[in-house]
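What follows is query-v3.csv (CSV, C-alpha atoms).
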```csv
chain,number,residue,atom,x,y,z
A,12,MET,CA,100.3,102.9,95.8
A,13,LYS,CA,102.1,106.1,94.7
A,14,PHE,CA,98.9,108.2,94.9
A,15,LEU,CA,98.3,107.2,98.5
A,16,ILE,CA,101.9,107.7,99.5
A,17,GLU,CA,102.0,111.1,97.9
A,18,SER,CA,98.7,112.1,99.4
A,19,PHE,CA,99.9,111.0,102.8
A,20,TYR,CA,103.1,113.0,102.5
A,21,ASN,CA,101.2,116.0,101.2
A,22,SER,CA,98.9,115.8,104.3
A,23,ILE,CA,102.0,115.9,106.5
A,24,THR,CA,103.7,118.8,104.7
A,25,ALA,CA,100.5,120.8,104.3
A,26,ALA,CA,99.1,119.9,107.7
A,27,THR,CA,95.8,118.8,106.3
A,28,ALA,CA,93.7,115.7,107.0
A,29,PRO,CA,95.3,112.3,106.1
A,30,PRO,CA,93.9,110.7,102.9
A,31,ILE,CA,92.1,107.9,104.6
A,32,PRO,CA,89.7,109.1,107.3
A,33,TYR,CA,90.5,107.5,110.7
A,34,ARG,CA,86.8,106.5,111.0
A,35,GLU,CA,87.2,104.4,107.8
A,36,ILE,CA,90.3,102.6,109.1
A,37,ILE,CA,88.5,101.8,112.4
A,38,LEU,CA,85.3,100.8,110.7
A,39,THR,CA,87.2,98.4,108.4
A,40,SER,CA,88.9,96.9,111.4
A,41,ARG,CA,85.6,96.6,113.3
A,42,ILE,CA,83.9,94.7,110.4
A,43,MET,CA,86.9,92.4,110.1
A,44,ASP,CA,86.9,91.7,113.8
A,45,GLU,CA,83.3,90.8,113.7
A,46,ILE,CA,83.8,88.5,110.7
A,47,PHE,CA,86.7,86.6,112.4
A,48,SER,CA,84.8,86.4,115.6
A,49,GLN,CA,81.8,84.8,113.9
A,50,LEU,CA,84.0,82.4,111.9
A,51,ARG,CA,85.8,81.3,115.2
A,52,ALA,CA,82.4,80.8,116.9
A,53,ALA,CA,81.1,78.7,114.0
A,54,ARG,CA,84.2,76.6,114.0
A,55,ALA,CA,84.0,76.0,117.7
A,56,GLU,CA,80.3,75.1,117.4
A,57,ASN,CA,81.1,72.8,114.6
A,58,ALA,CA,83.9,71.1,116.6
A,59,ALA,CA,81.6,70.7,119.6
A,60,LEU,CA,78.9,69.2,117.4
A,61,CYS,CA,81.3,66.7,115.9
A,62,THR,CA,82.5,65.7,119.4
A,63,THR,CA,78.9,65.1,120.5
A,64,LEU,CA,78.1,63.1,117.4
A,65,ASP,CA,81.2,61.0,118.0
A,66,ARG,CA,80.1,60.3,121.5
A,67,ILE,CA,76.6,59.2,120.7
A,68,ARG,CA,77.5,57.2,117.6
A,69,PRO,CA,76.6,53.6,118.1
A,70,GLY,CA,79.6,51.4,118.8
A,71,THR,CA,81.7,54.1,120.4
A,72,ALA,CA,82.2,54.3,124.2
U,23,MET,CA,112.6,117.1,101.7
U,24,LEU,CA,110.9,114.4,103.7
U,25,LYS,CA,113.1,111.7,105.1
U,26,VAL,CA,111.6,108.3,104.8
U,27,ALA,CA,112.4,104.9,106.4
U,28,ILE,CA,111.1,101.4,105.9
U,29,ILE,CA,110.8,98.8,108.6
U,30,GLY,CA,110.5,95.3,107.3
U,31,CYS,CA,112.4,94.4,104.2
U,32,GLY,CA,110.2,91.5,102.8
U,33,LYS,CA,108.5,91.3,99.4
U,34,ILE,CA,106.1,94.2,99.9
U,35,ALA,CA,108.9,96.6,100.9
U,36,ASP,CA,110.1,96.5,97.4
U,37,SER,CA,106.8,98.0,96.2
U,38,HIS,CA,107.0,100.7,98.8
U,39,ALA,CA,110.6,101.6,98.0
U,40,ALA,CA,109.8,101.7,94.3
U,41,GLN,CA,106.8,104.0,94.7
U,42,ILE,CA,108.4,106.2,97.3
U,43,GLN,CA,111.3,106.9,94.9
U,44,ARG,CA,108.7,108.1,92.4
U,45,VAL,CA,107.4,110.7,94.8
U,46,LYS,CA,109.0,114.2,94.6
U,47,ALA,CA,110.6,115.9,97.6
U,48,CYS,CA,111.3,112.8,99.6
U,49,GLU,CA,114.2,110.4,100.1
U,50,ILE,CA,114.5,107.0,101.6
U,51,VAL,CA,117.2,107.5,104.2
U,52,ALA,CA,117.1,104.1,105.9
U,53,VAL,CA,115.7,100.6,106.0
U,54,CYS,CA,115.6,98.2,108.8
U,55,ASP,CA,115.0,94.4,109.2
U,56,ARG,CA,115.9,92.0,112.0
U,57,GLU,CA,117.5,89.9,109.3
U,58,GLU,CA,120.5,92.1,108.4
U,59,LEU,CA,120.9,90.4,105.0
U,60,MET,CA,117.3,91.4,104.0
U,61,ALA,CA,118.0,95.0,104.9
U,62,ARG,CA,121.3,95.0,103.1
U,63,GLN,CA,119.7,93.5,100.0
U,64,LEU,CA,116.9,96.1,99.9
U,65,CYS,CA,119.5,98.9,100.3
U,66,GLU,CA,121.4,97.5,97.4
U,67,ARG,CA,118.4,97.2,95.2
U,68,PHE,CA,117.3,100.8,95.8
U,69,GLN,CA,120.6,102.5,96.5
U,70,ILE,CA,119.7,103.4,100.1
U,71,LYS,CA,122.4,104.5,102.4
U,72,GLY,CA,121.1,103.6,105.8
U,73,CYS,CA,120.9,99.9,106.6
U,74,PHE,CA,119.9,98.8,110.1
U,75,SER,CA,118.8,95.7,112.0
U,76,ASP,CA,117.6,97.5,115.1
U,77,VAL,CA,114.6,99.8,114.9
U,78,LYS,CA,115.5,102.1,117.8
U,79,THR,CA,119.0,102.6,116.4
U,80,MET,CA,117.6,103.4,113.0
U,81,LEU,CA,115.1,105.9,114.4
U,82,THR,CA,117.7,107.6,116.5
U,83,GLU,CA,120.5,107.8,113.9
U,84,ALA,CA,118.5,108.3,110.6
U,85,GLN,CA,115.8,110.5,112.2
U,86,PRO,CA,113.2,109.9,109.5
U,87,ASN,CA,110.1,112.1,109.2
U,88,VAL,CA,107.9,109.2,108.0
U,89,VAL,CA,108.2,105.5,108.5
U,90,HIS,CA,106.6,102.8,106.4
U,91,ILE,CA,105.9,99.6,108.4
U,92,THR,CA,105.9,96.6,106.2
U,93,THR,CA,106.4,93.8,108.7
U,94,PRO,CA,103.9,91.1,109.5
U,95,PRO,CA,100.8,92.6,111.2
U,96,GLN,CA,101.5,91.2,114.6
U,97,SER,CA,104.2,93.9,115.1
U,98,HIS,CA,102.4,96.8,113.4
U,99,HIS,CA,100.9,98.3,116.6
U,100,SER,CA,104.1,98.2,118.8
U,101,LEU,CA,106.4,99.3,116.0
U,102,ALA,CA,104.1,102.2,114.9
U,103,LYS,CA,103.9,103.4,118.5
U,104,LEU,CA,107.7,103.3,118.8
U,105,CYS,CA,107.9,105.4,115.6
U,106,LEU,CA,105.4,107.9,116.9
U,107,ASP,CA,107.5,108.1,120.1
U,108,HIS,CA,110.4,109.2,117.9
U,109,GLY,CA,108.3,111.9,116.3
U,110,CYS,CA,107.6,110.0,113.0
U,111,HIS,CA,104.5,109.9,110.9
U,112,VAL,CA,103.6,106.3,110.1
U,113,TYR,CA,102.3,104.5,107.0
U,114,VAL,CA,101.2,101.1,108.1
U,115,GLU,CA,100.8,98.3,105.5
U,116,LYS,CA,97.5,96.5,105.6
U,117,PRO,CA,96.0,95.0,107.7
U,118,PHE,CA,96.5,98.1,109.8
U,119,THR,CA,96.6,96.3,113.2
U,120,LEU,CA,95.5,92.9,114.6
U,121,ASN,CA,92.2,94.2,115.9
U,122,THR,CA,90.1,97.3,116.4
U,123,MET,CA,91.3,97.9,119.9
U,124,GLU,CA,94.9,98.3,118.6
U,125,ALA,CA,93.7,100.4,115.7
U,126,VAL,CA,91.8,102.9,118.0
U,127,ASP,CA,94.7,103.0,120.4
U,128,LEU,CA,97.2,103.7,117.6
U,129,ILE,CA,95.2,106.5,116.1
U,130,GLU,CA,94.5,108.1,119.4
U,131,TYR,CA,98.2,107.9,120.3
U,132,ALA,CA,99.1,109.5,117.0
U,133,GLU,CA,96.6,112.3,117.6
U,134,THR,CA,98.0,113.1,121.1
U,135,LYS,CA,101.4,113.5,119.5
U,136,TRP,CA,100.1,115.6,116.6
U,137,LEU,CA,101.4,113.0,114.2
U,138,LYS,CA,99.6,111.2,111.3
U,139,VAL,CA,99.1,107.6,110.5
U,140,THR,CA,97.6,105.9,107.5
U,141,ALA,CA,96.7,102.3,106.5
U,142,GLY,CA,98.0,100.8,103.3
U,143,HIS,CA,94.6,100.7,101.6
U,144,ASP,CA,96.1,101.9,98.4
U,145,ASP,CA,93.5,100.2,96.2
U,146,GLN,CA,91.2,103.0,97.3
U,147,PHE,CA,93.4,105.4,95.4
U,148,ARG,CA,93.7,103.8,92.0
U,149,HIS,CA,92.4,105.9,89.2
U,150,GLY,CA,89.0,104.1,88.9
U,151,ALA,CA,88.4,104.2,92.6
U,152,ARG,CA,89.0,107.9,92.7
U,153,LYS,CA,86.7,108.5,89.7
U,154,MET,CA,84.0,106.4,91.4
U,155,ARG,CA,84.4,108.5,94.6
U,156,GLU,CA,84.2,111.7,92.6
U,157,LEU,CA,81.0,110.6,90.8
U,158,ALA,CA,79.4,109.4,94.0
U,159,ALA,CA,80.2,112.8,95.7
U,160,LYS,CA,78.7,114.6,92.8
U,161,GLY,CA,75.4,112.7,93.3
U,162,TYR,CA,75.6,110.3,90.4
U,163,LEU,CA,74.0,107.6,92.6
U,164,GLY,CA,71.2,109.8,93.4
U,165,SER,CA,71.4,109.2,97.1
U,166,GLY,CA,73.5,107.3,99.6
U,167,PRO,CA,74.1,103.7,98.5
U,168,VAL,CA,71.1,101.3,98.6
U,169,HIS,CA,73.3,98.2,98.1
U,170,MET,CA,77.0,97.4,97.5
U,171,GLU,CA,78.8,94.3,96.4
U,172,SER,CA,82.5,93.9,97.0
U,173,TYR,CA,84.5,91.0,95.5
U,174,TYR,CA,88.0,90.5,96.6
U,175,CYS,CA,89.4,87.2,95.3
U,176,TYR,CA,92.8,85.6,95.5
U,177,GLU,CA,94.0,82.8,93.4
U,178,LEU,CA,95.5,80.4,95.9
U,179,GLY,CA,96.8,77.8,93.5
U,180,GLN,CA,99.3,75.2,94.5
U,181,THR,CA,101.7,76.8,92.0
U,182,SER,CA,101.8,80.2,93.7
U,183,SER,CA,104.8,80.8,95.9
U,184,TYR,CA,102.6,82.4,98.6
U,185,ALA,CA,100.4,79.3,98.7
U,186,ARG,CA,103.4,77.0,98.8
U,187,ALA,CA,104.9,78.9,101.7
U,188,LEU,CA,101.6,79.1,103.6
U,189,LEU,CA,100.4,75.6,103.0
U,190,GLY,CA,103.8,74.1,103.7
U,191,ASP,CA,104.4,75.9,107.0
U,192,LYS,CA,102.0,75.2,109.9
U,193,GLU,CA,103.8,78.0,111.8
U,194,HIS,CA,103.5,80.6,109.1
U,195,TRP,CA,102.8,84.1,110.5
U,196,VAL,CA,99.6,84.4,108.3
U,197,ARG,CA,98.1,81.3,110.2
U,198,ARG,CA,98.7,83.0,113.5
U,199,LEU,CA,96.7,86.1,112.6
U,200,PRO,CA,93.2,86.2,114.3
U,201,GLY,CA,91.6,85.9,110.9
U,202,GLY,CA,94.2,83.7,109.3
U,203,LEU,CA,94.6,84.1,105.5
U,204,LEU,CA,91.5,86.3,105.3
U,205,HIS,CA,93.1,88.7,107.8
U,206,ASN,CA,96.0,89.4,105.5
U,207,ILE,CA,94.0,89.9,102.3
U,208,ILE,CA,90.4,91.1,102.7
U,209,SER,CA,90.9,94.6,104.1
U,210,HIS,CA,91.0,96.1,100.7
U,211,GLY,CA,87.6,94.7,99.8
U,212,ILE,CA,86.1,95.6,103.2
U,213,ALA,CA,87.5,99.1,103.1
U,214,ARG,CA,85.6,99.7,99.9
U,215,ILE,CA,82.3,99.0,101.7
U,216,ALA,CA,83.3,100.9,104.9
U,217,GLU,CA,83.9,104.1,102.9
U,218,PHE,CA,80.2,104.3,102.1
U,219,LEU,CA,78.7,103.1,105.4
U,220,THR,CA,77.1,105.7,107.6
U,221,THR,CA,76.9,103.8,110.8
U,222,ASP,CA,79.9,103.0,113.0
U,223,SER,CA,78.5,99.7,114.1
U,224,PRO,CA,77.0,97.8,111.1
U,225,GLU,CA,75.4,94.4,111.4
U,226,VAL,CA,77.6,91.6,110.1
U,227,ILE,CA,76.7,88.1,109.2
U,228,ALA,CA,79.7,86.0,108.0
U,229,TYR,CA,80.0,82.5,106.6
U,230,GLY,CA,83.3,80.9,105.8
U,231,PHE,CA,84.8,77.5,105.1
U,232,PRO,CA,87.9,75.9,103.6
U,233,SER,CA,87.4,75.3,99.9
U,234,PRO,CA,87.2,71.7,98.6
U,235,ALA,CA,90.4,72.4,96.8
U,236,LEU,CA,92.2,73.1,100.1
U,237,ARG,CA,90.6,70.2,101.8
U,238,SER,CA,91.8,67.9,99.1
U,239,MET,CA,95.3,69.0,100.0
U,240,GLY,CA,94.6,68.0,103.6
U,241,GLU,CA,94.2,71.6,104.7
U,242,ASP,CA,91.2,72.3,106.9
U,243,GLU,CA,92.6,75.0,109.1
U,244,ILE,CA,92.7,77.8,106.5
U,245,ILE,CA,89.4,79.4,105.5
U,246,ASP,CA,89.6,80.6,101.9
U,247,GLU,CA,86.0,81.0,101.1
U,248,LEU,CA,84.0,83.8,102.7
U,249,ARG,CA,80.6,85.3,102.2
U,250,VAL,CA,79.5,88.3,104.3
U,251,ILE,CA,76.3,90.4,104.6
U,252,ILE,CA,76.7,93.8,106.0
U,253,SER,CA,73.8,96.0,107.0
U,254,ASP,CA,74.0,99.7,107.7
U,255,SER,CA,71.2,100.5,110.2
U,256,GLU,CA,68.7,99.2,107.6
U,257,ALA,CA,69.7,102.1,105.3
U,258,ALA,CA,72.1,100.2,103.0
U,259,THR,CA,73.2,96.6,102.6
U,260,ALA,CA,76.4,95.1,101.3
U,261,TYR,CA,77.7,91.7,100.2
U,262,PHE,CA,81.3,90.9,100.5
U,263,THR,CA,82.8,87.9,98.8
U,264,PHE,CA,86.3,86.4,99.1
U,265,SER,CA,87.1,83.3,97.2
U,266,SER,CA,90.3,81.6,96.2
U,267,GLN,CA,88.5,79.3,93.8
U,268,MET,CA,85.9,81.3,91.8
U,269,ARG,CA,86.9,82.4,88.3
U,270,PRO,CA,87.3,85.0,87.2
U,271,SER,CA,89.1,86.0,90.3
U,272,LEU,CA,87.4,89.3,90.7
U,273,HIS,CA,88.5,92.5,92.4
U,274,GLN,CA,85.3,94.4,91.8
U,275,PHE,CA,83.1,96.8,93.6
U,276,ARG,CA,79.5,97.5,92.7
U,277,ILE,CA,77.5,100.3,94.2
U,278,PHE,CA,73.8,101.1,93.6
U,279,GLY,CA,72.0,104.2,94.6
U,280,GLN,CA,68.4,105.2,94.0
U,281,SER,CA,69.2,106.7,90.6
U,282,ASN,CA,72.2,105.0,89.2
U,283,GLY,CA,74.9,102.4,89.8
U,284,LEU,CA,78.6,102.1,89.3
U,285,ILE,CA,80.8,99.1,88.8
U,286,LEU,CA,84.5,99.4,89.5
U,287,ASP,CA,86.5,96.7,88.0
U,288,GLN,CA,90.0,97.0,89.4
U,289,ASP,CA,91.6,94.3,87.3
U,290,ASN,CA,90.6,96.1,84.1
U,291,GLU,CA,91.0,99.6,85.6
U,292,THR,CA,87.5,100.2,84.4
U,293,LEU,CA,84.6,102.1,85.9
U,294,ILE,CA,81.2,101.4,84.4
U,295,LYS,CA,78.2,103.7,84.8
U,296,LEU,CA,74.9,101.9,85.1
U,297,ARG,CA,72.0,104.1,84.3
U,298,GLY,CA,69.0,103.5,86.5
U,299,SER,CA,66.3,104.5,84.0
U,300,ARG,CA,65.0,101.7,81.9
U,301,ARG,CA,65.0,102.6,78.2
U,302,LYS,CA,65.1,100.9,74.8
U,303,VAL,CA,68.5,100.2,73.4
U,304,SER,CA,69.2,102.4,70.4
U,305,SER,CA,71.2,101.3,67.4
U,306,ASN,CA,74.3,103.3,68.3
U,307,SER,CA,74.4,102.7,72.0
U,308,LEU,CA,76.5,100.2,73.9
U,309,SER,CA,75.0,97.0,75.1
U,310,ALA,CA,77.8,94.7,76.0
U,311,LEU,CA,75.5,92.1,77.6
U,312,SER,CA,73.0,91.9,74.8
U,313,THR,CA,73.3,89.3,72.1
U,314,SER,CA,70.9,91.0,69.8
U,315,PRO,CA,72.3,91.4,66.3
U,316,ASN,CA,70.8,94.9,66.2
U,317,ASN,CA,73.2,96.2,68.8
U,318,THR,CA,76.6,97.4,68.1
U,319,PRO,CA,79.6,96.2,70.0
U,320,PRO,CA,81.0,98.4,72.8
U,321,ILE,CA,82.2,101.6,71.1
U,322,ARG,CA,81.8,104.4,73.6
U,323,PHE,CA,85.0,103.8,75.5
U,324,LYS,CA,86.6,107.0,76.5
U,325,THR,CA,90.2,106.1,76.8
U,326,SER,CA,91.6,109.4,78.0
U,327,ALA,CA,94.9,107.8,78.9
U,328,LEU,CA,96.5,104.4,78.6
U,329,PHE,CA,96.6,102.6,82.0
U,330,SER,CA,94.0,104.9,83.4
U,331,ALA,CA,90.4,104.0,84.0
U,332,THR,CA,88.0,103.8,81.2
U,333,THR,CA,84.5,105.1,81.8
U,334,PHE,CA,81.6,104.1,79.6
U,335,THR,CA,77.9,103.8,79.8
U,336,LEU,CA,76.1,100.5,79.7
U,337,ASN,CA,72.5,101.0,78.8
U,338,GLN,CA,70.1,98.5,80.4
U,339,GLU,CA,67.3,96.9,78.6
```

Could you render the structure as structure tokens?
Amino acid sequence: MKFLIESFYNSITAATAPPIPYREIILTSRIMDEIFSQLRAARAENAALCTTLDRIRPGTA
Amino acid sequence: MLKVAIIGCGKIADSHAAQIQRVKACEIVAVCDREELMARQLCERFQIKGCFSDVKTMLTEAQPNVVHITTPPQSHHSLAKLCLDHGCHVYVEKPFTLNTMEAVDLIEYAETKWLKVTAGHDDQFRHGARKMRELAAKGYLGSGPVHMESYYCYELGQTSSYARALLGDKEHWVRRLPGGLLHNIISHGIARIAEFLTTDSPEVIAYGFPSPALRSMGEDEIIDELRVIISDSEAATAYFTFSSQMRPSLHQFRIFGQSNGLILDQDNETLIKLRGSRRKVSSNSLSALSTSPNNTPPIRFKTSALFSATTFTLNQE
């Protein structure tokens, strides 16, 4: 952690680019968004399927 | 002398305070937490003078140049903007924000104010990771990456305090994140892949599920097993694995180019060069994987410094 902190502070005092390119921060976030979106969709699909199966199971109303 | 402040005085704030105090030409002038006791205890542990329970008051009175935000991620975006409004540069603990929209907004806001922000992806700056970056930049891989594999595991045993807190509290802030437990942990492992991608919109295929171990505890809300395929405009591919159950619990990154490959093992602070050319194993070369009695055990370790990365070459049969 020290290296990143020091690099960040240096970028402030020397007016240079920050140690982690902004593109990289955004891309990391974008990939994570996509992962979570797919996991939520899969969970919703699975829940809907379970509901359907419950409905058509013999002996249930 | 840079004046530094910390907002959020939980567990991770201790790591920040300890590391900031190791950096020259800066001083922690204030800490802030809504729970005054938390702020006071952090002040006492690190001999910090400014102790606050209100962010605006702290920013106005302590006037820091840099603020570290170590609160739960739900507040990162709004707190960071508030700090920028007070002319502070901001170090935001991971995950940077709740989503990309917030991330883009925050970065653009900082740029309009000629201030800087960074995300707490500090794993990217450990010795081995820096050496890997340097080798890749020098062309060791022979090209851009052909394939990458990132393992970022977390032992979620019933005995860990984190697991107990998370599993025992249905309202825990980690559960309320858009990506739940994964959201709070995987950014380190994803950032490793992102660094080497050339497209801004990679294809992502994700599959996740609660592990049988979690299900046996009656927990089916938390996803603690994740497998992801990431594709970079058909130029490079990557696998990402998060697991709470696999052992060893790896923190490893593998990258393969057209000439050579590299394996970064964070837990052992080791960087392994994988030579792409196939050749016979000589008697004095390293072959850690071979069981042949003709091969000598690993001997070509270059331990330039204790606690720093070890680089050695693993010949492939």

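From CA of Ser266 in chain U back to CA of Pro232 in chain U, the distance works out to 9.6 Å.
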
Taking all atoms listed in the file into account, report as a ChimeraX atom specification which residues of chain U lie within 7 Å of chain A.
/U:41-42,45,121-122,125-126,138,140-141,144,147,200-201,209,212-213,216-217,222,226,228-230

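Using all atoms listed in the file, the shortest contact distance between Phe118 in chain U and any of U:Leu64, U:Met239, U:Val139, U:Leu24 is found at U:Val139.
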
So, counting all atoms listed in the file, which residue among U:Val250, U:Val196, U:Ile29, U:Ile50 is closest to Pro224 in chain U?
U:Val250

How far is it from CA of Phe278 in chain U to CA of Ser223 in chain U, in Å with one decimal?
21.1 Å

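One finds CA of Pro95 in chain U at 6.4 Å from CA of Pro117 in chain U.
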
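Each of U:Gly30, U:Gly190, U:Gly240, U:Pro94 was compared to Gln63 in chain U using all atoms listed in the file, and U:Gly30 turns out to be the nearest.
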
Residue contacts of Tyr162 in chain U (10 Å, all atoms listed in the file) excluding same-chain residues fewer than 2 positions away, as a PyMOL selection string:
chain U and resi 154-160+164-166+278-284+295-297

Deliver the residues from the most recent selection as a file, using C-alpha atoms, as a PDB file, in the frame of the given file.
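Output below, filename result-v8.pdb:
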```
ATOM      1  CA  MET U 154      84.000 106.400  91.400  1.00  0.00           C
ATOM      2  CA  ARG U 155      84.400 108.500  94.600  1.00  0.00           C
ATOM      3  CA  GLU U 156      84.200 111.700  92.600  1.00  0.00           C
ATOM      4  CA  LEU U 157      81.000 110.600  90.800  1.00  0.00           C
ATOM      5  CA  ALA U 158      79.400 109.400  94.000  1.00  0.00           C
ATOM      6  CA  ALA U 159      80.200 112.800  95.700  1.00  0.00           C
ATOM      7  CA  LYS U 160      78.700 114.600  92.800  1.00  0.00           C
ATOM      8  CA  GLY U 164      71.200 109.800  93.400  1.00  0.00           C
ATOM      9  CA  SER U 165      71.400 109.200  97.100  1.00  0.00           C
ATOM     10  CA  GLY U 166      73.500 107.300  99.600  1.00  0.00           C
ATOM     11  CA  PHE U 278      73.800 101.100  93.600  1.00  0.00           C
ATOM     12  CA  GLY U 279      72.000 104.200  94.600  1.00  0.00           C
ATOM     13  CA  GLN U 280      68.400 105.200  94.000  1.00  0.00           C
ATOM     14  CA  SER U 281      69.200 106.700  90.600  1.00  0.00           C
ATOM     15  CA  ASN U 282      72.200 105.000  89.200  1.00  0.00           C
ATOM     16  CA  GLY U 283      74.900 102.400  89.800  1.00  0.00           C
ATOM     17  CA  LEU U 284      78.600 102.100  89.300  1.00  0.00           C
ATOM     18  CA  LYS U 295      78.200 103.700  84.800  1.00  0.00           C
ATOM     19  CA  LEU U 296      74.900 101.900  85.100  1.00  0.00           C
ATOM     20  CA  ARG U 297      72.000 104.100  84.300  1.00  0.00           C
TER      21      ARG U 297
END
```

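Environment of (112.1, 107.8, 101.2): residues at most 10 Å away, judged by all atoms listed in the file, are Met23, Leu24, Lys25, Val26, Ala27, Ile28, His38, Ala39, Ala40, Gln41, Ile42, Gln43, Arg44, Val45, Lys46, Ala47, Cys48, Glu49, Ile50, Val51, Ala52, Val53, Ile70, Pro86, Asn87, Val88, Val89 and His90 of chain U.
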
What's around Glu58 in chain U at 9 Å? Count all atoms listed in the file, leave out sequence neighbours fewer than 6 positions away in its own chain, and write the answer as a PyMOL selection string.
chain U and resi 73-75
